[in-house]
$ cat query18.cif   # mmCIF, C-alpha atoms
data_data
loop_
_atom_site.label_atom_id
_atom_site.label_comp_id
_atom_site.auth_asym_id
_atom_site.auth_seq_id
_atom_site.Cartn_x
_atom_site.Cartn_y
_atom_site.Cartn_z
CA MET A 1 0.00 0.00 0.00
CA GLY A 2 1.47 3.33 -1.10
CA PRO A 3 1.74 6.55 0.93
CA GLY A 4 -1.61 8.16 1.62
CA GLU A 5 -3.47 5.14 0.29
CA TYR A 6 -6.35 3.51 2.13
CA PRO A 7 -6.72 -0.26 2.38
CA ILE A 8 -9.64 -1.55 0.33
CA GLY A 9 -12.15 -2.87 2.80
CA GLY A 10 -15.83 -3.39 3.42
CA PRO A 11 -18.26 -6.29 3.12
CA ALA A 12 -18.24 -6.46 -0.70
CA ALA A 13 -14.46 -6.36 -0.99
CA ALA A 14 -14.08 -8.94 1.78
CA LEU A 15 -16.59 -11.31 0.15
CA ALA A 16 -14.91 -10.99 -3.23
CA ALA A 17 -11.50 -11.67 -1.67
CA ARG A 18 -12.79 -14.85 -0.04
CA VAL A 19 -14.37 -16.04 -3.27
CA ARG A 20 -11.17 -15.35 -5.20
CA ALA A 21 -9.17 -17.23 -2.54
CA GLY A 22 -11.54 -20.19 -2.74
CA THR A 23 -12.51 -20.16 0.94
CA ILE A 24 -16.16 -19.63 0.00
CA THR A 25 -18.05 -20.28 -3.21
CA PRO A 26 -20.29 -17.89 -5.16
CA VAL A 27 -23.20 -20.26 -4.47
CA ASP A 28 -22.55 -20.03 -0.72
CA VAL A 29 -22.53 -16.23 -0.87
CA VAL A 30 -25.70 -15.98 -2.95
CA THR A 31 -27.54 -18.56 -0.83
CA GLU A 32 -26.74 -16.56 2.31
CA ALA A 33 -27.88 -13.30 0.70
CA LEU A 34 -31.13 -14.84 -0.49
CA ALA A 35 -31.79 -16.17 3.01
CA ARG A 36 -31.35 -12.67 4.45
CA ILE A 37 -33.68 -11.22 1.83
CA SER A 38 -36.29 -13.91 2.49
CA SER A 39 -36.15 -13.18 6.20
CA GLU A 40 -35.98 -9.37 6.20
CA ASN A 41 -37.45 -7.97 2.98
CA ARG A 42 -41.08 -8.29 4.08
CA LYS A 43 -40.34 -5.79 6.87
CA ILE A 44 -38.96 -3.05 4.61
CA ASN A 45 -40.03 -3.90 1.01
CA ALA A 46 -36.66 -3.06 -0.50
CA PHE A 47 -36.98 -5.62 -3.32
CA THR A 48 -39.85 -5.95 -5.77
CA VAL A 49 -38.24 -8.87 -7.62
CA VAL A 50 -36.02 -11.50 -6.02
CA ARG A 51 -34.15 -13.54 -8.64
CA ALA A 52 -33.59 -16.55 -6.40
CA ASP A 53 -33.40 -19.36 -8.98
CA ARG A 54 -31.63 -17.28 -11.60
CA ALA A 55 -29.15 -15.89 -9.09
CA ARG A 56 -28.22 -19.39 -7.92
CA ALA A 57 -27.79 -20.54 -11.53
CA GLU A 58 -25.63 -17.51 -12.30
CA ALA A 59 -23.54 -18.22 -9.18
CA ARG A 60 -22.90 -21.76 -10.42
CA GLU A 61 -21.86 -20.41 -13.82
CA LEU A 62 -19.59 -17.87 -12.17
CA ALA A 63 -17.87 -20.57 -10.10
CA ALA A 64 -16.86 -22.30 -13.33
CA ARG A 65 -15.21 -19.21 -14.85
CA ASP A 66 -11.50 -19.49 -15.57
CA ASP A 67 -10.88 -15.91 -14.46
CA LEU A 68 -12.69 -16.08 -11.12
CA ASP A 69 -9.53 -15.20 -9.22
CA GLU A 70 -9.21 -11.93 -11.16
CA LEU A 71 -12.72 -10.54 -10.74
CA PRO A 72 -13.04 -7.46 -8.50
CA LEU A 73 -16.62 -8.30 -7.45
CA ALA A 74 -16.34 -12.09 -7.56
CA GLY A 75 -19.54 -13.54 -6.09
CA VAL A 76 -20.76 -10.27 -4.57
CA PRO A 77 -24.58 -10.09 -4.42
CA VAL A 78 -25.87 -6.79 -5.80
CA ALA A 79 -29.25 -5.14 -6.28
CA VAL A 80 -30.32 -3.22 -9.38
CA LYS A 81 -32.89 -0.44 -9.43
CA GLN A 82 -35.82 -1.48 -11.58
CA ASN A 83 -35.50 1.29 -14.19
CA ILE A 84 -32.59 -0.16 -16.16
CA ALA A 85 -32.61 -3.40 -18.13
CA VAL A 86 -31.76 -6.73 -16.51
CA ALA A 87 -32.03 -9.54 -19.04
CA GLY A 88 -34.95 -11.84 -18.28
CA GLU A 89 -36.82 -9.27 -16.17
CA PRO A 90 -39.24 -6.46 -17.08
CA THR A 91 -38.19 -2.86 -16.50
CA ARG A 92 -41.16 -1.55 -14.54
CA ALA A 93 -39.72 1.76 -13.23
CA GLY A 94 -42.16 1.63 -10.31
CA SER A 95 -45.21 1.91 -12.56
CA GLN A 96 -48.13 -0.24 -13.67
CA ALA A 97 -48.13 1.79 -16.89
CA THR A 98 -44.86 0.24 -18.10
CA SER A 99 -44.36 -2.91 -20.18
CA THR A 100 -44.46 -6.33 -18.53
CA SER A 101 -42.22 -7.86 -21.23
CA ASP A 102 -38.87 -9.26 -20.17
CA GLU A 103 -35.71 -7.52 -21.33
CA SER A 104 -33.49 -9.47 -23.71
CA VAL A 105 -30.21 -7.62 -23.08
CA ASP A 106 -28.58 -6.18 -19.96
CA HIS A 107 -28.08 -2.45 -19.60
CA PRO A 108 -24.33 -1.61 -19.94
CA VAL A 109 -24.12 -0.99 -16.18
CA VAL A 110 -25.57 -4.43 -15.43
CA ALA A 111 -23.27 -6.01 -18.00
CA ARG A 112 -20.26 -4.42 -16.30
CA LEU A 113 -21.35 -5.64 -12.88
CA ARG A 114 -21.76 -9.18 -14.20
CA ALA A 115 -18.43 -9.07 -16.04
CA ALA A 116 -16.78 -8.11 -12.75
CA GLY A 117 -18.29 -11.17 -11.05
CA ALA A 118 -21.29 -9.64 -9.29
CA ILE A 119 -24.55 -11.58 -9.01
CA VAL A 120 -27.82 -9.66 -9.42
CA VAL A 121 -30.04 -11.06 -6.66
CA GLY A 122 -33.00 -8.76 -7.22
CA LEU A 123 -34.56 -5.52 -8.42
CA THR A 124 -35.27 -2.72 -5.97
CA ALA A 125 -38.36 -0.62 -5.37
CA MET A 126 -38.76 2.94 -6.59
CA PRO A 127 -41.57 5.52 -6.92
CA GLU A 128 -43.35 5.85 -10.25
CA LEU A 129 -40.93 6.87 -13.02
CA GLY A 130 -38.49 7.99 -10.32
CA LEU A 131 -40.39 11.23 -9.84
CA TRP A 132 -40.80 11.30 -6.07
CA ALA A 133 -38.59 11.49 -2.97
CA SER A 134 -40.32 8.63 -1.11
CA THR A 135 -40.87 5.07 -2.27
CA ASP A 136 -43.99 2.91 -2.46
CA GLU A 137 -45.66 0.89 -5.19
CA ASP A 138 -48.47 -1.63 -5.54
CA GLY A 139 -49.60 -0.83 -2.00
CA ARG A 140 -46.21 -1.74 -0.51
CA VAL A 141 -44.34 1.02 1.31
CA THR A 142 -40.55 0.84 1.32
CA ARG A 143 -39.52 1.48 4.91
CA ASN A 144 -36.35 2.83 6.41
CA PRO A 145 -34.38 0.07 8.17
CA ARG A 146 -33.14 2.65 10.71
CA ASP A 147 -36.74 3.52 11.62
CA VAL A 148 -39.49 1.53 9.90
CA GLY A 149 -41.96 4.30 10.71
CA ARG A 150 -40.18 6.55 8.20
CA SER A 151 -39.66 6.44 4.45
CA ALA A 152 -36.45 5.11 2.95
CA GLY A 153 -36.48 8.14 0.63
CA GLY A 154 -36.49 8.11 -3.12
CA SER A 155 -36.22 7.47 -5.83
CA SER A 156 -33.55 4.82 -5.12
CA GLY A 157 -35.36 4.03 -1.89
CA GLY A 158 -35.32 0.27 -2.31
CA ALA A 159 -31.58 0.33 -3.05
CA ALA A 160 -30.80 2.35 0.07
CA ALA A 161 -33.04 0.16 2.24
CA ALA A 162 -31.44 -3.02 0.90
CA VAL A 163 -27.95 -1.79 1.76
CA ALA A 164 -28.92 -0.30 5.13
CA ALA A 165 -30.61 -3.57 6.16
CA GLY A 166 -27.55 -5.60 5.19
CA LEU A 167 -29.40 -7.52 2.46
CA VAL A 168 -26.67 -6.64 -0.06
CA PRO A 169 -23.38 -4.79 0.50
CA ILE A 170 -23.71 -2.63 -2.61
CA ALA A 171 -26.62 -1.56 -4.78
CA HIS A 172 -27.04 0.20 -8.08
CA GLY A 173 -29.05 3.40 -8.05
CA ASN A 174 -29.55 6.39 -10.27
CA ASP A 175 -29.89 10.04 -9.48
CA GLY A 176 -31.91 12.68 -11.35
CA LEU A 177 -32.39 15.35 -8.67
CA GLY A 178 -30.86 13.53 -5.71
CA SER A 179 -32.29 10.04 -6.09
CA ILE A 180 -29.14 8.32 -4.78
CA ARG A 181 -28.03 10.87 -2.20
CA VAL A 182 -31.46 11.51 -0.67
CA PRO A 183 -32.22 7.86 0.26
CA ALA A 184 -28.57 7.24 1.16
CA ALA A 185 -28.81 10.08 3.68
CA ALA A 186 -32.22 8.94 4.92
CA CYS A 187 -30.99 5.39 5.52
CA GLY A 188 -27.49 6.15 6.77
CA VAL A 189 -25.42 4.66 3.95
CA PHE A 190 -22.90 6.14 1.51
CA GLY A 191 -24.08 7.08 -1.97
CA ILE A 192 -22.38 8.74 -4.91
CA LYS A 193 -23.63 10.24 -8.15
CA PRO A 194 -20.76 10.60 -10.65
CA GLY A 195 -20.46 13.47 -13.07
CA ARG A 196 -21.61 13.26 -16.65
CA GLN A 197 -20.03 10.66 -18.96
CA VAL A 198 -18.20 8.84 -16.15
CA VAL A 199 -20.67 5.92 -16.07
CA PRO A 200 -23.02 4.97 -18.95
CA SER A 201 -26.43 6.55 -18.30
CA ALA A 202 -29.04 5.47 -20.90
CA ILE A 203 -31.80 5.57 -18.27
CA GLY A 204 -35.20 5.37 -19.93
CA ALA A 205 -35.85 7.50 -22.98
CA ASP A 206 -33.41 10.32 -22.29
CA SER A 207 -31.93 9.90 -18.80
CA TRP A 208 -34.44 12.35 -17.35
CA ALA A 209 -33.61 14.99 -19.97
CA GLY A 210 -29.92 14.50 -19.21
CA LEU A 211 -30.25 15.07 -15.46
CA ALA A 212 -29.80 11.45 -14.32
CA GLU A 213 -26.66 9.38 -13.80
CA ASN A 214 -26.13 5.80 -12.65
CA GLY A 215 -24.19 5.39 -9.42
CA VAL A 216 -23.89 3.27 -6.30
CA LEU A 217 -24.94 2.96 -2.68
CA ALA A 218 -22.82 0.98 -0.24
CA THR A 219 -22.14 0.24 3.38
CA THR A 220 -18.63 1.74 3.17
CA VAL A 221 -16.89 4.31 0.99
CA SER A 222 -14.33 1.72 -0.09
CA ASP A 223 -17.03 -0.65 -1.34
CA ALA A 224 -18.69 2.22 -3.21
CA ALA A 225 -15.36 3.16 -4.78
CA LEU A 226 -14.84 -0.45 -5.85
CA ALA A 227 -18.32 -0.66 -7.40
CA LEU A 228 -18.01 2.75 -9.08
CA SER A 229 -14.69 1.71 -10.58
CA VAL A 230 -16.50 -1.24 -12.18
CA LEU A 231 -19.40 0.88 -13.47
CA ALA A 232 -17.00 3.48 -14.87
CA GLY A 233 -14.51 0.95 -16.27
CA ARG A 234 -11.77 2.79 -14.34
CA SER A 235 -9.75 0.72 -11.89
CA ASP A 236 -8.11 3.87 -10.50
CA LEU A 237 -11.35 4.89 -8.78
CA ALA A 238 -11.06 1.85 -6.50
CA GLU A 239 -7.67 3.04 -5.22
CA LEU A 240 -8.80 5.28 -2.39
CA ARG A 241 -6.16 7.85 -1.52
CA ALA A 242 -6.09 10.66 0.98
CA PRO A 243 -6.43 13.79 -1.16
CA GLN A 244 -3.82 16.52 -0.94
CA ARG A 245 -4.86 19.52 1.16
CA LEU A 246 -8.23 20.57 -0.24
CA ARG A 247 -9.80 24.02 -0.20
CA ILE A 248 -13.28 23.25 1.11
CA GLY A 249 -16.25 25.60 1.26
CA LEU A 250 -18.77 24.86 4.02
CA ALA A 251 -22.16 26.04 2.75
CA VAL A 252 -25.05 25.35 5.13
CA ALA A 253 -27.64 27.80 3.76
CA PRO A 254 -30.33 26.15 1.56
CA PRO A 255 -30.87 27.05 -2.12
CA SER A 256 -34.03 29.00 -1.27
CA ARG A 257 -35.03 31.18 1.67
CA LEU A 258 -38.38 29.39 1.64
CA VAL A 259 -36.71 26.21 2.94
CA ARG A 260 -36.83 25.69 6.72
CA MET A 261 -33.69 24.01 8.01
CA ASP A 262 -33.63 21.46 10.80
CA ARG A 263 -30.72 22.66 12.94
CA HIS A 264 -29.38 19.15 13.38
CA TRP A 265 -28.96 18.76 9.62
CA THR A 266 -27.08 22.07 9.59
CA ALA A 267 -24.93 20.71 12.41
CA ALA A 268 -24.20 17.54 10.40
CA ALA A 269 -22.57 19.63 7.66
CA ARG A 270 -20.61 21.59 10.25
CA THR A 271 -19.43 18.30 11.79
CA ALA A 272 -18.21 17.16 8.39
CA GLY A 273 -16.39 20.46 7.97
CA ALA A 274 -14.72 20.10 11.38
CA ARG A 275 -13.60 16.57 10.54
CA ALA A 276 -12.22 17.73 7.20
CA ALA A 277 -10.29 20.48 8.97
CA ALA A 278 -8.94 17.95 11.49
CA ALA A 279 -7.73 15.87 8.53
CA GLY A 280 -5.64 18.83 7.39
CA HIS A 281 -7.89 20.51 4.83
CA GLN A 282 -8.62 24.22 4.63
CA VAL A 283 -12.30 24.73 5.49
CA GLU A 284 -14.03 28.09 5.11
CA PRO A 285 -17.70 29.03 5.71
CA VAL A 286 -19.21 30.23 2.41
CA GLU A 287 -22.47 30.90 0.64
CA LEU A 288 -22.96 29.01 -2.60
CA PRO A 289 -24.01 31.28 -5.48
CA TYR A 290 -27.28 29.44 -6.11
CA GLY A 291 -28.92 32.39 -7.88
CA ASP A 292 -32.06 31.12 -9.64
CA ALA A 293 -30.95 27.47 -9.54
CA ALA A 294 -33.84 26.46 -7.26
CA LEU A 295 -36.37 27.76 -9.81
CA ALA A 296 -34.53 26.03 -12.66
CA MET A 297 -34.67 22.74 -10.77
CA LEU A 298 -38.36 23.09 -9.93
CA LEU A 299 -39.21 23.81 -13.58
CA ARG A 300 -37.28 20.77 -14.80
CA TRP A 301 -38.74 18.33 -12.29
CA PRO A 302 -42.21 18.02 -13.94
CA THR A 303 -40.69 17.90 -17.43
CA ALA A 304 -38.03 15.29 -16.65
CA GLY A 305 -40.36 12.29 -17.07
CA LEU A 306 -42.14 13.46 -20.24
CA ALA A 307 -40.03 11.45 -22.68
CA ASP A 308 -40.51 8.29 -20.60
CA ALA A 309 -44.24 8.92 -20.33
CA ALA A 310 -44.55 9.32 -24.10
CA ARG A 311 -43.36 5.71 -24.56
CA LEU A 312 -45.61 4.08 -21.97
CA PRO A 313 -47.84 1.28 -23.34
CA ASN A 314 -50.49 1.86 -20.66
CA PRO A 315 -50.47 5.59 -19.74
CA ASP A 316 -54.00 5.34 -18.35
CA LEU A 317 -52.54 3.31 -15.46
CA LEU A 318 -50.35 6.16 -14.22
CA GLN A 319 -50.97 7.31 -10.66
CA PRO A 320 -53.06 10.50 -10.30
CA ARG A 321 -50.17 12.43 -8.73
CA THR A 322 -47.94 11.47 -11.68
CA ARG A 323 -50.54 12.41 -14.29
CA ARG A 324 -50.90 15.85 -12.73
CA HIS A 325 -47.14 16.27 -12.47
CA LEU A 326 -46.65 15.40 -16.13
CA ALA A 327 -49.52 17.67 -17.17
CA LEU A 328 -47.74 20.51 -15.42
CA GLY A 329 -44.57 19.51 -17.24
CA ARG A 330 -46.31 19.76 -20.62
CA PHE A 331 -47.63 23.21 -19.69
CA ILE A 332 -44.13 24.32 -18.66
CA ARG A 333 -42.74 23.02 -21.93
CA ARG A 334 -45.41 24.79 -24.00
CA LEU A 335 -44.52 28.05 -22.30
CA ARG A 336 -40.82 27.36 -22.96
CA LEU A 337 -39.96 28.02 -19.34
CA VAL A 338 -37.11 25.46 -19.39
CA ARG A 339 -34.17 27.05 -21.20
CA PRO A 340 -30.48 26.12 -21.58
CA ASP A 341 -29.35 29.57 -20.45
CA GLN A 342 -30.64 28.79 -16.94
CA VAL A 343 -28.09 25.99 -16.66
CA ASP A 344 -25.38 28.03 -18.35
CA ARG A 345 -25.78 30.85 -15.81
CA THR A 346 -25.75 28.44 -12.89
CA GLU A 347 -22.67 26.60 -14.12
CA ALA A 348 -20.85 29.86 -14.81
CA ARG A 349 -21.44 30.93 -11.21
CA MET A 350 -20.23 27.57 -9.90
CA LEU A 351 -17.12 27.59 -12.10
CA GLU A 352 -16.23 31.01 -10.72
CA PHE A 353 -16.86 29.79 -7.16
CA PHE A 354 -14.67 26.72 -7.67
CA GLU A 355 -11.74 28.83 -8.80
CA ASP A 356 -11.18 29.28 -5.05
CA PHE A 357 -12.41 25.89 -3.79
CA ASP A 358 -11.94 22.20 -4.62
CA VAL A 359 -14.96 20.78 -2.77
CA VAL A 360 -18.08 22.11 -1.12
CA ILE A 361 -19.80 20.55 1.90
CA THR A 362 -23.53 21.06 2.47
CA PRO A 363 -26.19 19.22 4.45
CA THR A 364 -27.61 16.41 2.32
CA LEU A 365 -31.16 16.97 3.59
CA ALA A 366 -32.99 19.79 5.34
CA ALA A 367 -35.01 17.54 7.67
CA PRO A 368 -35.53 13.85 8.56
CA PRO A 369 -37.31 11.71 5.94
CA PRO A 370 -41.12 11.77 5.91
CA LYS A 371 -43.33 9.19 7.54
CA ALA A 372 -43.58 5.81 5.84
CA ARG A 373 -46.96 5.84 4.16
CA GLN A 374 -48.52 5.21 0.77
CA TRP A 375 -47.55 8.54 -0.75
CA SER A 376 -48.69 7.36 -4.20
CA GLY A 377 -52.27 7.55 -2.95
CA ARG A 378 -51.95 11.11 -1.67
CA GLY A 379 -52.45 14.27 -3.68
CA TRP A 380 -49.95 15.92 -5.98
CA ALA A 381 -49.46 18.96 -3.73
CA ALA A 382 -48.75 16.84 -0.65
CA ASN A 383 -46.09 14.89 -2.56
CA VAL A 384 -44.45 18.01 -3.96
CA VAL A 385 -44.35 19.78 -0.60
CA SER A 386 -42.96 16.69 1.14
CA SER A 387 -40.20 16.21 -1.43
CA VAL A 388 -39.16 19.86 -1.56
CA ARG A 389 -39.31 20.35 2.20
CA TYR A 390 -36.72 17.74 3.11
CA ALA A 391 -34.57 17.39 -0.02
CA PRO A 392 -33.66 20.82 -1.49
CA PHE A 393 -29.86 20.49 -1.56
CA THR A 394 -29.16 17.76 -4.09
CA GLY A 395 -30.68 18.86 -7.41
CA LEU A 396 -28.14 21.57 -8.20
CA TRP A 397 -25.46 19.03 -9.05
CA ASN A 398 -27.76 17.23 -11.50
CA LEU A 399 -28.62 20.54 -13.13
CA ILE A 400 -24.97 21.16 -14.01
CA GLY A 401 -23.89 17.50 -14.20
CA TRP A 402 -21.17 17.55 -11.53
CA PRO A 403 -20.33 14.71 -9.10
CA ALA A 404 -21.74 14.65 -5.58
CA ALA A 405 -21.94 12.19 -2.68
CA SER A 406 -23.69 11.75 0.65
CA VAL A 407 -21.68 10.65 3.69
CA PRO A 408 -23.28 9.43 6.96
CA MET A 409 -22.67 11.87 9.78
CA GLY A 410 -24.17 10.50 12.96
CA VAL A 411 -27.73 10.32 14.25
CA HIS A 412 -30.41 12.97 14.72
CA PRO A 413 -30.71 13.39 18.52
CA GLU A 414 -34.47 13.92 18.41
CA ALA A 415 -35.75 11.92 15.42
CA HIS A 416 -33.12 9.17 15.97
CA THR A 417 -32.69 8.88 12.19
CA PRO A 418 -29.39 9.17 10.31
CA LEU A 419 -27.72 12.49 9.51
CA ALA A 420 -25.46 13.07 6.51
CA ALA A 421 -23.36 15.65 4.72
CA GLN A 422 -23.15 16.20 0.97
CA LEU A 423 -19.80 16.56 -0.79
CA ALA A 424 -19.69 18.04 -4.30
CA GLY A 425 -17.01 19.12 -6.70
CA PRO A 426 -16.31 20.08 -10.30
CA PRO A 427 -16.16 17.63 -13.21
CA GLY A 428 -13.51 14.96 -12.71
CA SER A 429 -13.41 15.23 -8.91
CA GLU A 430 -14.87 11.78 -8.16
CA ALA A 431 -11.56 10.47 -6.77
CA SER A 432 -11.15 13.51 -4.49
CA LEU A 433 -14.73 13.17 -3.22
CA LEU A 434 -14.20 9.48 -2.49
CA GLY A 435 -10.90 10.15 -0.73
CA LEU A 436 -12.39 12.91 1.41
CA ALA A 437 -15.44 10.78 2.18
CA ALA A 438 -13.15 7.98 3.36
CA GLN A 439 -11.38 10.41 5.71
CA LEU A 440 -14.70 11.58 7.14
CA GLU A 441 -15.83 7.97 7.50
CA LEU A 442 -12.68 7.00 9.40
CA SER A 443 -13.29 9.77 11.92
CA ASN A 444 -16.96 8.79 12.38
#

$ encode --input "query18.cif" --output "structure tokens"
Amino acid sequence: MGPGEYPIGGPAAALAARVRAGTITPVDVVTEALARISSENRKINAFTVVRADRARAEARELAARDDLDELPLAGVPVAVKQNIAVAGEPTRAGSQATSTSDESVDHPVVARLRAAGAIVVGLTAMPELGLWASTDEDGRVTRNPRDVGRSAGGSSGGAAAAVAAGLVPIAHGNDGLGSIRVPAAACGVFGIKPGRQVVPSAIGADSWAGLAENGVLATTVSDAALALSVLAGRSDLAELRAPQRLRIGLAVAPPSRLVRMDRHWTAAARTAGARAAAAGHQVEPVELPYGDAALAMLLRWPTAGLADAARLPNPDLLQPRTRRHLALGRFIRRLRLVRPDQVDRTEARMLEFFEDFDVVITPTLAAPPPKARQWSGRGWAANVVSSVRYAPFTGLWNLIGWPAASVPMGVHPEAHTPLAAQLAGPPGSEASLLGLAAQLELSN
């Protein structure tokens, strides 16, 4: 191990090492994971599809591979969010309006996971078309393993719940306005959204109008780095290193004055800043130049699912809240309220800000996650208010396409739910964010 380099550790890495060494077989690993899912999933509804027979068959095939001892994720059970293609399964995207036909070919992200030796044990729950910040479908509410009375968040709620409950060590997710970082923060796990063109996107019709990226959720930063290196096809991302002294801006103010901050979430960001300073980085309180970014995000949210909705075989089966949301999106589009110059202005402000900083730390959320309930049966306004109230910090980085991550940062002393801080940086800063996150994790 070189100077400043972290050892690769975590449940996924440890399992893969044992499989490569021959002390445990892929079938053993998958059988154990399926037993955990069978025992625990009914409590939290993280998985909508469990691929028990297929996963065992794939584990047997993996065990016969000549290159088993070279695979970075050899035998590791993983979960895939149900809005990208897994061969032999339908891509339902949390909606009864989607096709029930099985996919014939894996999405590139799934293909890379399999090529690295991972076994897809199931598909995880998500809200309809990924549009909402809490997760339920078909009458089943996805619950937070840290507090089953609260939501696991969304839209990668099932992925976060599966990791937090220990059903799988790593899970695929994707993130259009915070859909990895929001549930990761809610459930107390690490989640990272890479910048544009780091990992293949190809999510639905147009990757949420270019806002969404595929990423990972994991128990540890090192496991997330290992999985992200596989998804990106870049082995260097797995080599966690302590970053050189970073110039870090600590920005605790929300993007809009209309947002009410829970003081403990503000404190979580300050804790992350203090830990970063203790690790030798320069940390300075700042205000991010959000400008009109909050409005730009709100205008894009109802339009993001329009391309996916246009391809639905059964649009009449969409939930009422979704139909209203999409109708608003069509109205916004007709009025041409979504314009490229909104993003250009925002990115220009951020580029100027990051001339003086390498990373910014913010709270990931503004409040604890909402109560676990069937939000799909509630009105459009209730869903919008709930989502905006607790998750205003994440969408900026999708708007401009820069990488961002959520790092666990203790427990809320009143709600007794996880706290987290968000780390974000300019294009190409994934390795720095991972290295900093590992330092914060070590001091947890």

$ atom_distance --input "query18.cif" --atom1 "atom CA of A:Arg349" --atom2 "atom CA of A:Trp402"
13.4 Å

$ resolve_selection --input "query18.cif" --expression "the PyMOL selection byres ((chain A and resi 390-399) around 7)" --output "PyMOL selection string"
chain A and resi 176-178+182+211-212+254-255+293+297+343+364-369+386-389+400-404

$ residues_near_point --input "query18.cif" --point "(-34.2, -10.4, 3.1)" --cutoff "10 Å" --atoms "all atoms listed in the file" --output "list in words"
Glu32, Ala33, Leu34, Ala35, Arg36, Ile37, Ser38, Ser39, Glu40, Asn41, Arg42, Lys43, Ile44, Asn45, Ala46, Phe47, Val50, Ala162, Ala165, Gly166, Leu167 and Val168 of chain A

$ resolve_selection --input "query18.cif" --expression "the PyMOL selection byres ((chain A and resi 197-203) around 8)" --output "list in words"
Asn83, Ile84, Pro108, Val109, Pro194, Gly195, Arg196, Gly204, Ala205, Asp206, Ser207, Trp208, Ala212, Glu213, Asn214, Gly215, Leu231, Ala232 and Gly233 of chain A

$ closest_residue --input "query18.cif" --among "A:Pro26, A:Pro285, A:Gly249, A:Pro413" --to "A:Ile119" --atoms "all atoms listed in the file"
A:Pro26

$ closest_residue --input "query18.cif" --among "A:Arg247, A:Arg150, A:His264, A:Arg334" --to "A:Val411" --atoms "all atoms listed in the file"
A:His264

$ atom_distance --input "query18.cif" --atom1 "atom CA of A:Leu328" --atom2 "atom CA of A:Ala186"
28.1 Å

$ atom_distance --input "query18.cif" --atom1 "atom CA of A:Ala277" --atom2 "atom CA of A:His412"
22.2 Å

$ residues_around --input "query18.cif" --residues "A:Thr25" --least-positions-apart "6" --cutoff "8 Å" --atoms "all atoms listed in the file" --output "MDAnalysis selection string"
chainID A and resid 19 63 75

$ closest_atom_pairs --input "query18.cif" --of "stretch 242-312 of chain A" --to "stretch 97-101 of chain A" --cutoff "12 Å" --atoms "only C-alpha atoms" --output "JSON lines"
{"residue": "A:Asp308", "atom": "CA", "partner": "A:Thr98", "partner_atom": "CA", "distance": 9.5}
{"residue": "A:Ala309", "atom": "CA", "partner": "A:Ala97", "partner_atom": "CA", "distance": 8.8}
{"residue": "A:Ala310", "atom": "CA", "partner": "A:Thr98", "partner_atom": "CA", "distance": 10.9}
{"residue": "A:Arg311", "atom": "CA", "partner": "A:Thr98", "partner_atom": "CA", "distance": 8.6}
{"residue": "A:Leu312", "atom": "CA", "partner": "A:Thr98", "partner_atom": "CA", "distance": 5.5}

$ closest_residue --input "query18.cif" --among "A:Ala55, A:Pro169, A:Phe357, A:Asp69" --to "A:Gly122" --atoms "only C-alpha atoms"
A:Ala55

$ resolve_selection --input "query18.cif" --expression "the PyMOL selection byres ((chain A and resi 190) around 8)" --output "PyMOL selection string"
chain A and resi 181+184-185+188-189+191-192+217-221+224+405-408

$ write_last_selection --input "query18.cif" --atoms "C-alpha atoms" --output "CSV table (one decimal), keeping the file's coordinate frame"
chain,number,residue,atom,x,y,z
A,181,ARG,CA,-28.0,10.9,-2.2
A,184,ALA,CA,-28.6,7.2,1.2
A,185,ALA,CA,-28.8,10.1,3.7
A,188,GLY,CA,-27.5,6.2,6.8
A,189,VAL,CA,-25.4,4.7,4.0
A,191,GLY,CA,-24.1,7.1,-2.0
A,192,ILE,CA,-22.4,8.7,-4.9
A,217,LEU,CA,-24.9,3.0,-2.7
A,218,ALA,CA,-22.8,1.0,-0.2
A,219,THR,CA,-22.1,0.2,3.4
A,220,THR,CA,-18.6,1.7,3.2
A,221,VAL,CA,-16.9,4.3,1.0
A,224,ALA,CA,-18.7,2.2,-3.2
A,405,ALA,CA,-21.9,12.2,-2.7
A,406,SER,CA,-23.7,11.8,0.6
A,407,VAL,CA,-21.7,10.6,3.7
A,408,PRO,CA,-23.3,9.4,7.0

$ closest_residue --input "query18.cif" --among "A:Leu442, A:Val105, A:Ala437, A:Val121" --to "A:Ala225" --atoms "all atoms listed in the file"
A:Ala437

$ residues_around --input "query18.cif" --residues "A:Ser443" --least-positions-apart "2" --cutoff "10 Å" --atoms "all atoms listed in the file" --output "PDB file with C-alpha atoms, keeping the file's coordinate frame"
ATOM      1  CA  ALA A 272     -18.210  17.160   8.390  1.00  0.00           C
ATOM      2  CA  ARG A 275     -13.600  16.570  10.540  1.00  0.00           C
ATOM      3  CA  ALA A 276     -12.220  17.730   7.200  1.00  0.00           C
ATOM      4  CA  ALA A 278      -8.940  17.950  11.490  1.00  0.00           C
ATOM      5  CA  ALA A 279      -7.730  15.870   8.530  1.00  0.00           C
ATOM      6  CA  MET A 409     -22.670  11.870   9.780  1.00  0.00           C
ATOM      7  CA  ALA A 438     -13.150   7.980   3.360  1.00  0.00           C
ATOM      8  CA  GLN A 439     -11.380  10.410   5.710  1.00  0.00           C
ATOM      9  CA  LEU A 440     -14.700  11.580   7.140  1.00  0.00           C
ATOM     10  CA  GLU A 441     -15.830   7.970   7.500  1.00  0.00           C
TER      11      GLU A 441
END

$ residues_around --input "query18.cif" --residues "A:Ile24" --least-positions-apart "2" --cutoff "12 Å" --atoms "only C-alpha atoms" --output "PyMOL selection string"
chain A and resi 14-22+26-32+59+63+74-76

$ residues_around --input "query18.cif" --residues "A:Val252" --least-positions-apart "4" --cutoff "12 Å" --atoms "all atoms listed in the file" --output "PyMOL selection string"
chain A and resi 256+259-273+284-288+360-366+392-393+421-423
